[in-house]
file data18.tsv (TSV, C-alpha atoms)
chain	number	residue	atom	x	y	z
P	1427	MET	CA	-15.36	6.55	-10.13
P	1428	ILE	CA	-13.55	3.96	-12.27
P	1429	LEU	CA	-9.78	4.26	-12.56
P	1430	GLU	CA	-9.16	4.30	-16.31
P	1431	PRO	CA	-6.09	2.49	-17.72
P	1432	ALA	CA	-4.58	5.78	-18.86
P	1433	VAL	CA	-4.77	7.18	-15.32
P	1434	LEU	CA	-3.10	4.08	-13.91
P	1435	GLU	CA	-0.38	4.28	-16.56
P	1436	ALA	CA	0.26	7.87	-15.47
P	1437	LEU	CA	1.61	6.48	-12.19
P	1438	ARG	CA	4.55	4.84	-13.96
P	1439	GLY	CA	7.82	6.07	-12.50
P	1440	ARG	CA	6.05	8.27	-9.98
P	1441	LEU	CA	5.83	8.70	-6.23
P	1442	ILE	CA	2.86	7.51	-4.17
P	1443	VAL	CA	2.68	8.91	-0.64
P	1444	SER	CA	1.18	6.96	2.24
P	1445	ALA	CA	-0.42	9.20	4.86
P	1446	GLN	CA	-1.10	7.21	8.01
P	1447	ALA	CA	-0.82	7.76	11.75
P	1448	TYR	CA	-0.95	5.25	14.57
P	1449	PRO	CA	-3.90	5.11	17.03
P	1450	GLY	CA	-3.48	7.53	19.90
P	1451	GLU	CA	-1.25	9.96	18.00
P	1452	PRO	CA	-2.29	13.63	17.78
P	1453	MET	CA	-2.48	13.45	13.97
P	1454	ARG	CA	-4.75	10.40	13.99
P	1455	THR	CA	-7.81	12.15	12.56
P	1456	PRO	CA	-9.30	11.80	9.05
P	1457	THR	CA	-9.15	15.56	8.50
P	1458	THR	CA	-5.45	15.74	9.30
P	1459	MET	CA	-4.60	12.72	7.17
P	1460	ALA	CA	-6.50	14.21	4.24
P	1461	GLN	CA	-4.63	17.50	4.66
P	1462	ILE	CA	-1.29	15.69	4.72
P	1463	ALA	CA	-2.27	13.74	1.62
P	1464	ALA	CA	-3.22	16.98	-0.13
P	1465	SER	CA	0.09	18.55	0.87
P	1466	ALA	CA	1.91	15.54	-0.59
P	1467	VAL	CA	0.07	16.03	-3.87
P	1468	ILE	CA	1.24	19.65	-3.97
P	1469	GLY	CA	4.76	18.30	-3.58
P	1470	GLY	CA	4.40	15.95	-6.53
P	1471	ALA	CA	2.72	12.77	-5.29
P	1472	ALA	CA	0.89	11.12	-8.18
P	1473	ALA	CA	-1.35	9.10	-5.85
P	1474	VAL	CA	-1.91	8.68	-2.12
P	1475	ARG	CA	-2.47	5.74	0.20
P	1476	VAL	CA	-4.58	6.10	3.36
P	1477	GLN	CA	-5.95	3.85	6.07
P	1478	GLY	CA	-9.49	3.74	7.40
P	1479	LEU	CA	-12.91	4.39	5.92
P	1480	ALA	CA	-13.18	7.99	7.11
P	1481	ASP	CA	-9.66	8.75	5.89
P	1482	VAL	CA	-10.57	7.45	2.46
P	1483	GLN	CA	-13.72	9.57	2.37
P	1484	PHE	CA	-12.01	12.77	3.51
P	1485	THR	CA	-9.03	12.24	1.23
P	1486	ARG	CA	-11.22	11.64	-1.82
P	1487	SER	CA	-12.65	15.10	-1.23
P	1488	ALA	CA	-9.23	16.68	-0.69
P	1489	VAL	CA	-7.25	15.41	-3.70
P	1490	GLU	CA	-7.74	14.82	-7.41
P	1491	VAL	CA	-5.30	11.92	-7.73
P	1492	PRO	CA	-5.96	8.18	-7.31
P	1493	VAL	CA	-6.59	7.12	-3.72
P	1494	ILE	CA	-5.36	3.73	-2.53
P	1495	GLY	CA	-7.38	2.75	0.51
P	1496	LEU	CA	-6.98	0.07	3.13
P	1497	TRP	CA	-8.43	-0.89	6.50
P	1498	LYS	CA	-6.09	-2.20	9.17
P	1499	ASP	CA	-7.88	-4.47	11.63
P	1500	GLY	CA	-5.58	-5.98	14.25
P	1501	HIS	CA	-1.80	-5.99	14.57
P	1502	GLU	CA	-0.62	-9.50	13.71
P	1503	GLY	CA	-1.08	-11.98	10.90
P	1504	VAL	CA	-3.44	-10.88	8.13
P	1505	PHE	CA	-4.61	-7.41	9.20
P	1506	ILE	CA	-4.31	-5.18	6.11
P	1507	THR	CA	-7.87	-5.17	4.74
P	1508	PRO	CA	-8.11	-8.77	5.97
P	1509	THR	CA	-11.52	-9.82	4.63
P	1510	ALA	CA	-13.79	-9.28	1.66
P	1511	ARG	CA	-16.12	-7.29	3.92
P	1512	HIS	CA	-13.33	-4.88	4.81
P	1513	ALA	CA	-12.26	-4.52	1.18
P	1514	ILE	CA	-15.73	-3.81	-0.17
P	1515	ALA	CA	-16.28	-1.22	2.56
P	1516	VAL	CA	-13.03	0.53	1.58
P	1517	ALA	CA	-14.09	0.57	-2.06
P	1518	ASN	CA	-17.52	1.91	-1.16
P	1519	ALA	CA	-15.86	4.66	0.89
P	1520	GLY	CA	-14.34	5.93	-2.36
P	1521	ALA	CA	-10.98	4.22	-2.86
P	1522	HIS	CA	-9.96	3.87	-6.50
P	1523	ILE	CA	-7.64	1.03	-5.50
P	1524	VAL	CA	-8.15	-1.25	-2.50
P	1525	ALA	CA	-4.96	-2.55	-0.90
P	1526	ILE	CA	-5.38	-5.97	0.71
P	1527	ASP	CA	-3.10	-8.53	2.31
P	1528	GLY	CA	-1.85	-10.45	-0.72
P	1529	THR	CA	0.05	-13.18	1.10
P	1530	ARG	CA	-0.80	-16.87	1.02
P	1531	ARG	CA	-1.62	-16.92	4.74
P	1532	PRO	CA	-5.10	-17.94	5.98
P	1533	ARG	CA	-7.56	-15.06	5.96
P	1534	PRO	CA	-9.84	-14.34	8.94
P	1535	ASP	CA	-13.04	-14.95	6.97
P	1536	GLY	CA	-11.80	-18.26	5.57
P	1537	LEU	CA	-11.93	-17.10	1.95
P	1538	ASP	CA	-8.98	-17.59	-0.35
P	1539	LEU	CA	-7.36	-14.65	-2.12
P	1540	LYS	CA	-8.93	-15.42	-5.49
P	1541	THR	CA	-12.44	-15.45	-4.06
P	1542	THR	CA	-11.79	-12.23	-2.17
P	1543	ILE	CA	-10.50	-10.41	-5.25
P	1544	THR	CA	-13.35	-11.74	-7.38
P	1545	MET	CA	-15.88	-10.39	-4.88
P	1546	ILE	CA	-14.22	-6.97	-4.90
P	1547	HIS	CA	-14.28	-6.85	-8.69
P	1548	GLU	CA	-17.87	-8.04	-8.93
P	1549	GLN	CA	-19.29	-5.77	-6.23
P	1550	THR	CA	-17.26	-2.57	-6.74
P	1551	HIS	CA	-15.44	-0.56	-9.41
P	1552	ALA	CA	-12.15	-0.58	-7.47
P	1553	LEU	CA	-8.89	-2.12	-8.58
P	1554	VAL	CA	-7.05	-4.42	-6.17
P	1555	MET	CA	-3.48	-3.97	-4.94
P	1556	ALA	CA	-2.11	-7.14	-3.36
P	1557	ASP	CA	0.38	-6.37	-0.60
P	1558	CYS	CA	2.82	-9.28	-0.93
P	1559	GLY	CA	5.73	-10.58	1.10
P	1560	SER	CA	7.50	-12.85	-1.39
P	1561	LEU	CA	7.84	-13.83	-5.02
P	1562	LYS	CA	5.49	-16.77	-4.45
P	1563	ASP	CA	2.91	-14.33	-3.07
P	1564	ALA	CA	3.25	-12.22	-6.22
P	1565	PHE	CA	2.70	-15.21	-8.52
P	1566	ASN	CA	-0.30	-16.30	-6.47
P	1567	ALA	CA	-1.79	-12.80	-6.38
P	1568	VAL	CA	-1.59	-12.44	-10.15
P	1569	GLU	CA	-3.25	-15.82	-10.59
P	1570	ALA	CA	-5.92	-14.68	-8.12
P	1571	GLY	CA	-6.70	-11.63	-10.26
P	1572	ALA	CA	-4.90	-8.76	-8.50
P	1573	ASP	CA	-4.52	-5.61	-10.58
P	1574	LEU	CA	-1.34	-4.36	-8.90
P	1575	ILE	CA	1.40	-6.07	-6.88
P	1576	GLY	CA	3.04	-4.42	-3.88
P	1577	THR	CA	6.08	-5.40	-1.83
P	1578	THR	CA	4.52	-3.94	1.32
P	1579	LEU	CA	4.83	-7.08	3.42
P	1580	ALA	CA	8.38	-8.06	2.50
P	1581	GLY	CA	10.07	-8.86	5.80
P	1582	TYR	CA	6.79	-8.99	7.72
P	1583	SER	CA	5.10	-12.20	6.59
P	1584	GLY	CA	7.79	-14.62	7.74
P	1585	GLU	CA	9.06	-15.63	4.30
P	1586	ARG	CA	11.87	-13.12	3.87
P	1587	GLU	CA	14.33	-11.50	6.21
P	1588	LYS	CA	13.53	-7.89	7.03
P	1589	THR	CA	16.04	-5.73	5.21
P	1590	GLN	CA	17.20	-2.41	6.65
P	1591	GLY	CA	15.92	-0.55	3.61
P	1592	PRO	CA	13.63	-1.66	0.78
P	1593	ASP	CA	13.89	-5.29	-0.31
P	1594	LEU	CA	15.53	-4.52	-3.63
P	1595	ASP	CA	16.22	-8.19	-4.34
P	1596	LEU	CA	12.51	-9.00	-4.11
P	1597	ILE	CA	11.59	-6.01	-6.27
P	1598	ALA	CA	14.09	-7.15	-8.90
P	1599	ALA	CA	12.88	-10.76	-8.74
P	1600	ILE	CA	9.23	-9.81	-9.22
P	1601	ALA	CA	10.12	-7.42	-12.03
P	1602	ALA	CA	12.17	-10.13	-13.74
P	1603	ALA	CA	9.22	-12.51	-13.56
P	1604	GLU	CA	7.32	-10.22	-15.95
P	1605	LEU	CA	3.95	-10.78	-14.31
P	1606	ASP	CA	2.22	-8.14	-16.47
P	1607	ARG	CA	1.02	-6.16	-13.46
P	1608	PRO	CA	2.26	-2.81	-12.14
P	1609	LEU	CA	4.80	-3.52	-9.40
P	1610	ILE	CA	4.57	-1.05	-6.53
P	1611	ALA	CA	7.64	-0.88	-4.30
P	1612	GLU	CA	6.70	-0.21	-0.69
P	1613	GLY	CA	8.29	-0.73	2.68
P	1614	ARG	CA	11.21	0.93	4.49
P	1615	ILE	CA	11.95	3.44	1.72
P	1616	HIS	CA	13.36	6.31	3.76
P	1617	THR	CA	15.46	8.38	1.35
P	1618	PRO	CA	15.20	9.71	-2.21
P	1619	ALA	CA	18.16	7.49	-3.11
P	1620	GLN	CA	16.33	4.39	-1.88
P	1621	ALA	CA	13.23	5.41	-3.84
P	1622	ARG	CA	15.34	5.78	-6.98
P	1623	ALA	CA	16.99	2.41	-6.31
P	1624	ALA	CA	13.58	0.75	-6.03
P	1625	LEU	CA	12.56	2.23	-9.37
P	1626	ASP	CA	15.83	1.14	-10.96
P	1627	ALA	CA	15.28	-2.38	-9.60
P	1628	GLY	CA	12.15	-2.63	-11.71
P	1629	ALA	CA	9.30	-1.03	-9.77
P	1630	PHE	CA	6.47	0.61	-11.71
P	1631	ALA	CA	5.95	3.18	-8.92
P	1632	VAL	CA	7.22	3.76	-5.39
P	1633	VAL	CA	5.32	4.27	-2.14
P	1634	VAL	CA	6.91	6.32	0.63
P	1635	GLY	CA	5.11	6.79	3.92
P	1636	THR	CA	6.93	7.19	7.22
P	1637	ALA	CA	9.79	9.29	5.85
P	1638	ILE	CA	7.36	11.88	4.50
P	1639	THR	CA	4.24	11.77	6.65
P	1640	HIS	CA	5.18	10.52	10.14
P	1641	PRO	CA	6.78	13.29	12.23
P	1642	ALA	CA	7.21	11.11	15.32
P	1643	SER	CA	9.43	8.64	13.46
P	1644	ILE	CA	11.38	11.31	11.59
P	1645	THR	CA	12.01	13.22	14.82
P	1646	GLY	CA	13.14	10.00	16.47
P	1647	TRP	CA	15.73	9.41	13.75
P	1648	PHE	CA	17.27	12.81	14.36
P	1649	ASP	CA	17.06	12.50	18.13
P	1650	GLU	CA	18.74	9.09	18.07
P	1651	ALA	CA	21.55	10.40	15.89
P	1652	LEU	CA	22.23	13.30	18.26
P	1653	ARG	CA	22.18	11.06	21.36
P	1654	ALA	CA	24.47	8.41	19.88

call {"tool": "encode", "arguments": {"input": "data18.tsv", "output": "structure tokens"}}
result
Amino acid sequence: MILEPAVLEALRGRLIVSAQAYPGEPMRTPTTMAQIAASAVIGGAAAVRVQGLADVQFTRSAVEVPVIGLWKDGHEGVFITPTARHAIAVANAGAHIVAIDGTRRPRPDGLDLKTTITMIHEQTHALVMADCGSLKDAFNAVEAGADLIGTTLAGYSGEREKTQGPDLDLIAAIAAAELDRPLIAEGRIHTPAQARAALDAGAFAVVVGTAITHPASITGWFDEALRA
């Protein structure tokens, strides 16, 4: 299924919910993640973001909104859909948009970002979301052919300090650069006020994950506050 421009435009100003669980957690099953994604759609999510081939497949069957898919392989360096092989597999699993590491760091398969994105476009119908960590990453990703720019890796790629909440300065800087790509704010957005602030800073749409779909983290926040 090709994501038509009008459908992508419908995401403007809207919430995207990331439904992911860590390995070993009770909820770490494709069925559960798809159910959580579907519940988020009932609540108003205009799109969902899920990790893993099976999660993409199950979620595509559970929702009628765009699915952003990724494949995490590893824990350090470039591990968000790190190679062209991973990306094409995610697209073939049914993702409308494939999220990949969009930083300028070396990729495990030795390909540069432009080659990787070109292969995805040539071999699949999916759009590409480049998860960036800096303004330079965003410029490079647009030049490489990315369809959407995300701030997912701000504070994690070594170029910017990790902010306590979303990196609003980076969001504003990318928005001001007028790169002619939808800018997706993602990363450490834990409250409705922070989501609104990200949108006001210039984001096209906002991704929220942990604060909506990760009970272990949410419970920990409350527990920590009570024990303080």

call {"tool": "closest_residue", "arguments": {"input": "data18.tsv", "among": "P:Thr1509, P:Ser1444, P:Thr1455, P:Ser1465", "to": "Ile1494 of chain P", "atoms": "all atoms listed in the file"}}
result
P:Ser1444

call {"tool": "atom_distance", "arguments": {"input": "data18.tsv", "atom1": "atom CA of Leu1479 of chain P", "atom2": "atom CA of Leu1429 of chain P"}}
result
18.7 Å

call {"tool": "atom_distance", "arguments": {"input": "data18.tsv", "atom1": "atom CA of Thr1457 of chain P", "atom2": "atom CA of Arg1440 of chain P"}}
result
25.0 Å

call {"tool": "closest_residue", "arguments": {"input": "data18.tsv", "among": "P:Leu1652, P:Leu1553, P:Leu1579, P:Leu1596", "to": "Pro1431 of chain P", "atoms": "only C-alpha atoms"}}
result
P:Leu1553

call {"tool": "closest_atom_pairs", "arguments": {"input": "data18.tsv", "of": "segment 1473-1566 of chain P", "to": "segment 1620-1633 of chain P", "cutoff": "10 Å", "atoms": "only C-alpha atoms", "output": "CSV"}}
result
residue,atom,partner,partner_atom,distance
P:Ala1473,CA,P:Val1633,CA,9.0
P:Val1474,CA,P:Val1633,CA,8.5
P:Arg1475,CA,P:Val1633,CA,8.3

call {"tool": "residues_around", "arguments": {"input": "data18.tsv", "residues": "Lys1588 of chain P", "least_positions_apart": "3", "cutoff": "12 Å", "atoms": "all atoms listed in the file", "output": "list of chain:residue names"}}
result
P:Gly1559, P:Ser1560, P:Thr1577, P:Thr1578, P:Leu1579, P:Ala1580, P:Gly1581, P:Tyr1582, P:Ser1583, P:Gly1584, P:Glu1585, P:Gly1591, P:Pro1592, P:Asp1593, P:Leu1594, P:Asp1595, P:Leu1596, P:Gly1613, P:Arg1614

call {"tool": "closest_residue", "arguments": {"input": "data18.tsv", "among": "P:Arg1438, P:Arg1486, P:Arg1530, P:Lys1562", "to": "Ala1517 of chain P", "atoms": "only C-alpha atoms"}}
result
P:Arg1486

call {"tool": "atom_distance", "arguments": {"input": "data18.tsv", "atom1": "atom CA of Ala1642 of chain P", "atom2": "atom CA of Ala1447 of chain P"}}
result
9.4 Å

call {"tool": "closest_residue", "arguments": {"input": "data18.tsv", "among": "P:Ile1644, P:Ala1513, P:Ala1570, P:Met1555", "to": "Lys1498 of chain P", "atoms": "all atoms listed in the file"}}
result
P:Ala1513

call {"tool": "closest_residue", "arguments": {"input": "data18.tsv", "among": "P:Ala1651, P:Leu1539, P:Val1634, P:Ala1432", "to": "Val1476 of chain P", "atoms": "only C-alpha atoms"}}
result
P:Val1634

call {"tool": "closest_residue", "arguments": {"input": "data18.tsv", "among": "P:Pro1618, P:Gly1536, P:Gly1520, P:Pro1508", "to": "Asp1557 of chain P", "atoms": "all atoms listed in the file"}}
result
P:Pro1508

call {"tool": "residues_near_point", "arguments": {"input": "data18.tsv", "point": "(2.9, -8.7, -2.8)", "cutoff": "6 Å", "atoms": "all atoms listed in the file", "output": "ChimeraX atom specification"}}
result
/P:1528,1556-1559,1563-1564,1575-1577

call {"tool": "residues_around", "arguments": {"input": "data18.tsv", "residues": "Gln1446 of chain P", "least_positions_apart": "6", "cutoff": "8 Å", "atoms": "only C-alpha atoms", "output": "JSON, numbers by chain"}}
result
{"P": [1454, 1459, 1476, 1477, 1635, 1639, 1640]}

call {"tool": "residues_around", "arguments": {"input": "data18.tsv", "residues": "Thr1507 of chain P", "least_positions_apart": "2", "cutoff": "7 Å", "atoms": "all atoms listed in the file", "output": "list of chain:residue names"}}
result
P:Leu1496, P:Trp1497, P:Lys1498, P:Asp1499, P:Phe1505, P:Thr1509, P:His1512, P:Ala1513, P:Ala1525, P:Ile1526, P:Asp1527

call {"tool": "write_last_selection", "arguments": {"input": "data18.tsv", "atoms": "C-alpha atoms", "output": "CSV table (one decimal), in the coordinates of the input"}}
result
chain,number,residue,atom,x,y,z
P,1496,LEU,CA,-7.0,0.1,3.1
P,1497,TRP,CA,-8.4,-0.9,6.5
P,1498,LYS,CA,-6.1,-2.2,9.2
P,1499,ASP,CA,-7.9,-4.5,11.6
P,1505,PHE,CA,-4.6,-7.4,9.2
P,1509,THR,CA,-11.5,-9.8,4.6
P,1512,HIS,CA,-13.3,-4.9,4.8
P,1513,ALA,CA,-12.3,-4.5,1.2
P,1525,ALA,CA,-5.0,-2.6,-0.9
P,1526,ILE,CA,-5.4,-6.0,0.7
P,1527,ASP,CA,-3.1,-8.5,2.3

call {"tool": "axis_aligned_box", "arguments": {"input": "data18.tsv", "around": "segment 1567-1584 of chain P", "padding_each_side": "8 Å", "output": "lines of an AutoDock Vina configuration file"}}
result
center_x = 1.7
center_y = -9.9
center_z = -1.4
size_x = 32.8
size_y = 27.9
size_z = 34.3
